[in-house]
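Below: query-v6.cif (mmCIF, C-alpha atoms and all ligand atoms)
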```cif
data_model
loop_
_atom_site.label_atom_id
_atom_site.label_comp_id
_atom_site.auth_asym_id
_atom_site.auth_seq_id
_atom_site.Cartn_x
_atom_site.Cartn_y
_atom_site.Cartn_z
CA MET A 4 -6.14 8.02 15.38
CA THR A 5 -4.88 10.35 12.73
CA ASP A 6 -3.78 13.69 14.01
CA LEU A 7 -5.26 16.86 12.55
CA ARG A 8 -1.70 17.75 11.57
CA ASP A 9 -1.91 15.04 8.90
CA LEU A 10 -4.96 16.72 7.45
CA TYR A 11 -3.58 20.22 7.38
CA GLN A 12 -0.29 19.39 5.82
CA GLU A 13 2.07 22.14 4.93
CA VAL A 14 1.20 21.93 1.23
CA ILE A 15 -2.47 22.49 2.00
CA LEU A 16 -1.68 25.46 4.23
CA ASP A 17 0.60 26.98 1.58
CA HIS A 18 -2.01 26.70 -1.15
CA ASN A 19 -4.63 28.16 1.16
CA LYS A 20 -2.41 31.14 1.90
CA SER A 21 -1.41 31.81 -1.70
CA PRO A 22 -3.74 29.89 -3.98
CA HIS A 23 -2.60 29.29 -7.56
CA ASN A 24 -4.73 30.43 -10.50
CA TYR A 25 -6.81 32.58 -8.17
CA ARG A 26 -8.22 35.21 -10.53
CA GLU A 27 -11.05 36.14 -12.78
CA MET A 28 -10.78 34.95 -16.39
CA ALA A 29 -12.17 37.34 -18.98
CA ASP A 30 -11.94 34.89 -21.90
CA ALA A 31 -13.33 31.80 -20.16
CA THR A 32 -15.46 29.60 -22.40
CA ARG A 33 -17.23 27.98 -19.46
CA LEU A 34 -18.08 29.01 -15.95
CA ALA A 35 -19.61 27.10 -13.04
CA LEU A 36 -20.38 27.81 -9.44
CA GLY A 37 -19.69 25.39 -6.61
CA ASN A 38 -21.34 25.43 -3.23
CA ASN A 39 -20.79 23.31 -0.14
CA PRO A 40 -23.43 24.51 2.32
CA LEU A 41 -22.24 22.11 5.04
CA CYS A 42 -19.05 24.13 5.49
CA GLY A 43 -19.88 27.39 3.71
CA ASP A 44 -17.39 26.88 0.87
CA LYS A 45 -18.22 28.71 -2.33
CA LEU A 46 -16.27 28.97 -5.54
CA LYS A 47 -16.53 30.20 -9.07
CA LEU A 48 -14.59 28.20 -11.63
CA TYR A 49 -13.49 29.55 -14.99
CA VAL A 50 -12.27 27.28 -17.77
CA ARG A 51 -11.08 28.05 -21.29
CA ILE A 52 -11.45 24.99 -23.46
CA GLU A 53 -9.64 24.86 -26.78
CA GLY A 54 -10.41 21.81 -28.89
CA ASP A 55 -10.49 18.99 -26.36
CA ARG A 56 -7.97 20.61 -23.99
CA ILE A 57 -8.23 22.70 -20.88
CA ALA A 58 -6.14 25.62 -22.10
CA ASP A 59 -6.63 27.64 -18.94
CA VAL A 60 -8.42 27.33 -15.62
CA ALA A 61 -8.86 29.72 -12.72
CA PHE A 62 -11.07 30.17 -9.68
CA GLN A 63 -12.29 32.62 -7.11
CA GLY A 64 -14.21 32.07 -3.93
CA SER A 65 -14.21 31.78 -0.20
CA GLY A 66 -14.14 28.85 2.12
CA CYS A 67 -12.06 26.74 4.44
CA ALA A 68 -8.38 25.94 3.94
CA ILE A 69 -9.11 22.52 2.46
CA SER A 70 -11.58 23.74 -0.15
CA LYS A 71 -9.30 26.55 -1.25
CA ALA A 72 -6.15 24.44 -1.35
CA SER A 73 -8.00 21.71 -3.23
CA ALA A 74 -9.20 24.20 -5.85
CA SER A 75 -5.68 25.61 -6.15
CA ILE A 76 -4.06 22.20 -6.65
CA MET A 77 -6.90 21.04 -8.92
CA THR A 78 -6.36 23.97 -11.28
CA ASP A 79 -2.61 23.25 -11.36
CA SER A 80 -3.30 19.58 -12.05
CA VAL A 81 -5.75 19.89 -14.93
CA LYS A 82 -4.32 22.87 -16.81
CA GLY A 83 -3.13 21.73 -20.25
CA LYS A 84 -4.78 18.33 -19.88
CA SER A 85 -7.35 16.89 -22.27
CA LEU A 86 -10.92 16.65 -21.03
CA ALA A 87 -10.58 12.85 -20.87
CA GLU A 88 -7.39 13.11 -18.80
CA ALA A 89 -9.10 15.51 -16.40
CA GLU A 90 -11.98 13.04 -16.01
CA THR A 91 -9.56 10.23 -15.21
CA LEU A 92 -7.79 12.36 -12.63
CA TYR A 93 -11.12 13.27 -11.04
CA GLY A 94 -11.96 9.57 -10.73
CA LYS A 95 -8.63 8.81 -9.07
CA PHE A 96 -8.92 11.75 -6.70
CA HIS A 97 -12.46 10.74 -5.77
CA ASP A 98 -11.29 7.18 -5.01
CA LEU A 99 -8.46 8.57 -2.89
CA LEU A 100 -10.89 10.54 -0.73
CA THR A 101 -13.74 8.10 -0.45
CA GLY A 102 -11.89 4.84 0.08
CA PRO A 103 -12.28 2.97 3.36
CA PRO A 104 -10.56 4.86 6.22
CA ASP A 105 -8.81 1.71 7.44
CA VAL A 106 -7.10 1.14 4.10
CA LYS A 107 -4.04 3.18 3.26
CA ALA A 108 -4.80 5.58 0.43
CA ASP A 109 -3.04 5.00 -2.87
CA GLY A 110 -1.80 8.35 -4.13
CA ALA A 111 0.06 6.89 -7.09
CA GLY A 112 -0.17 9.02 -10.21
CA LEU A 113 -1.85 11.87 -8.35
CA GLY A 114 1.19 14.05 -7.77
CA LYS A 115 0.46 16.85 -5.33
CA LEU A 116 -3.18 15.79 -5.05
CA ALA A 117 -1.98 12.93 -2.84
CA VAL A 118 -1.63 15.38 0.06
CA PHE A 119 -5.40 15.05 0.48
CA SER A 120 -5.17 11.34 1.28
CA GLY A 121 -5.56 12.15 5.01
CA VAL A 122 -8.98 13.67 4.34
CA ARG A 123 -10.64 10.26 4.01
CA GLN A 124 -10.29 9.96 7.79
CA PHE A 125 -12.57 12.99 8.12
CA PRO A 126 -15.77 12.31 6.16
CA ALA A 127 -17.15 15.78 6.93
CA ARG A 128 -14.22 17.35 5.10
CA VAL A 129 -14.41 15.18 1.99
CA LYS A 130 -16.97 17.57 0.50
CA CYS A 131 -14.60 20.48 1.08
CA ALA A 132 -11.85 18.68 -0.83
CA THR A 133 -14.07 17.55 -3.70
CA LEU A 134 -16.01 20.80 -4.22
CA ALA A 135 -13.67 22.17 -6.88
CA TRP A 136 -13.74 18.82 -8.67
CA HIS A 137 -17.54 18.58 -8.60
CA THR A 138 -17.59 22.04 -10.11
CA LEU A 139 -15.10 21.03 -12.79
CA GLU A 140 -17.22 17.95 -13.51
CA THR A 141 -20.20 20.22 -14.16
CA ILE A 142 -18.10 22.04 -16.75
CA LEU A 143 -16.70 18.86 -18.32
CA LYS A 144 -20.20 17.49 -18.74
CA GLY A 145 -21.20 20.76 -20.39
CA GLN A 146 -23.94 21.46 -17.90
CA GLU A 147 -24.90 25.04 -17.17
CA ALA A 148 -25.64 24.43 -13.55
CA ILE A 149 -24.58 25.25 -10.06
CA ALA A 150 -22.61 22.36 -8.61
CA SER A 151 -23.56 21.51 -5.07
CA THR A 152 -22.15 18.83 -2.84
CA GLU A 153 -25.68 18.20 -1.58
ZN ZN A 201 -14.85 23.44 3.81
#
```
Please go through the file and, once you have read it, give me the structure as structure tokens.
Ligand code: ZN
Amino acid sequence: MTDLRDLYQEVILDHNKSPHNYREMADATRLALGNNPLCGDKLKLYVRIEGDRIADVAFQGSGCAISKASASIMTDSVKGKSLAEAETLYGKFHDLLTGPPDVKADGAGLGKLAVFSGVRQFPARVKCATLAWHTLETILKGQEAIASTE
């Protein structure tokens, strides 16, 4: 049985304590809200898209350590990437979290995002870890909607 320590790794705790890109963005070109009612995680995601690139990304919100750390690392990971690259990363991250719990997660190519590989052992927390990504997906698809994990 995986220990909770594996889930709350140091990286996650650090990002929760001092999240990166945690601010309002006055010149955002797109904005989306994310909501995970199961846990009470809420976030507002700001993105500035220039051409086909994510020139800047920031978030604000409240929620559990996993949702906040995931948003923090997500913003670090997609900043400067093309929209297509961000989509690919989202797909890989989603696979990492939703793969079978008895199979070791493959974090290859995910960089810091791989710290969330332990979350697949805790299905209730998967929605916390994917909230920021669902919200980003709303923006990438150009939908003016509120992303919900429900
Ligand atoms: Zn949560």
Nearest candidate to A:Asp105 (options A:Gln63, A:Gln124, A:Ser75, A:Thr133; using all atoms listed in the file):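 Between A:Gln63, A:Gln124, A:Ser75, A:Thr133, the residue approaching A:Asp105 most closely is A:Gln124.
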Could you give me, as a list in words, every polymer residue with an atom at most 7 Å away from an atom of ligand ZN 201 (chain A), counting all atoms listed in the file?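 Written in the requested form, the residues are Cys42, Gly43, Asp44, Gly66, Cys67, Ala68, Ile69, Ser70, Arg128 and Cys131 of chain A.
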Just the number, please: distance in Å from atom CA of A:Ser73 to atom CA of A:Thr91, one decimal. 16.7 Å
Show which residues sit within 12 Å of A:Gly37, as a CSV table (one decimal) with C-alpha atoms, in the coordinates of the input. Count all atoms listed in the file, and ignore same-chain residues fewer than 2 positions away.
```csv
chain,number,residue,atom,x,y,z
A,34,LEU,CA,-18.1,29.0,-16.0
A,35,ALA,CA,-19.6,27.1,-13.0
A,39,ASN,CA,-20.8,23.3,-0.1
A,40,PRO,CA,-23.4,24.5,2.3
A,43,GLY,CA,-19.9,27.4,3.7
A,44,ASP,CA,-17.4,26.9,0.9
A,45,LYS,CA,-18.2,28.7,-2.3
A,46,LEU,CA,-16.3,29.0,-5.5
A,47,LYS,CA,-16.5,30.2,-9.1
A,48,LEU,CA,-14.6,28.2,-11.6
A,49,TYR,CA,-13.5,29.6,-15.0
A,62,PHE,CA,-11.1,30.2,-9.7
A,63,GLN,CA,-12.3,32.6,-7.1
A,64,GLY,CA,-14.2,32.1,-3.9
A,65,SER,CA,-14.2,31.8,-0.2
A,66,GLY,CA,-14.1,28.8,2.1
A,70,SER,CA,-11.6,23.7,-0.2
A,71,LYS,CA,-9.3,26.6,-1.2
A,74,ALA,CA,-9.2,24.2,-5.8
A,130,LYS,CA,-17.0,17.6,0.5
A,131,CYS,CA,-14.6,20.5,1.1
A,132,ALA,CA,-11.8,18.7,-0.8
A,133,THR,CA,-14.1,17.6,-3.7
A,134,LEU,CA,-16.0,20.8,-4.2
A,135,ALA,CA,-13.7,22.2,-6.9
A,136,TRP,CA,-13.7,18.8,-8.7
A,137,HIS,CA,-17.5,18.6,-8.6
A,138,THR,CA,-17.6,22.0,-10.1
A,139,LEU,CA,-15.1,21.0,-12.8
A,140,GLU,CA,-17.2,18.0,-13.5
A,141,THR,CA,-20.2,20.2,-14.2
A,142,ILE,CA,-18.1,22.0,-16.8
A,147,GLU,CA,-24.9,25.0,-17.2
A,148,ALA,CA,-25.6,24.4,-13.6
A,149,ILE,CA,-24.6,25.2,-10.1
A,150,ALA,CA,-22.6,22.4,-8.6
A,151,SER,CA,-23.6,21.5,-5.1
A,152,THR,CA,-22.2,18.8,-2.8
A,153,GLU,CA,-25.7,18.2,-1.6
```
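Across the model, the gap from atom CA of A:Ala111 to atom CA of A:Ala72 is 19.5 Å.
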Give me, please, the distance in Å between atom CA of A:Asp59 and atom CA of A:Gly110, quoted to one decimal.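 For atom CA of A:Asp59 relative to atom CA of A:Gly110, the distance reads 24.8 Å.
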Neighbouring residues of stretch 76-87 of chain A were defined as those with any atom within 9 Å, considering all atoms listed in the file; residues of the same chain fewer than 5 positions away were excluded. Please report them as a list in words. Ile15, His18, Pro22, His23, Asn24, Ile52, Gly54, Asp55, Arg56, Ile57, Ala58, Asp59, Val60, Ala61, Phe62, Lys71, Leu92, Leu113, Gly114, Lys115, Leu116, Ala135, Trp136 and Leu143 of chain A
Residue nearest A:Ser120 among A:Leu36, A:Leu100, A:Ala29, A:Leu41 (counting all atoms listed in the file):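 Closest residue, counting all atoms listed in the file: A:Leu100.
Near A:Val129, within a cut-off of 8 Å and counting only C-alpha atoms, sit the residues Leu100, Thr101, Val122 and Arg123 of chain A, with same-chain residues fewer than 6 positions away left out.
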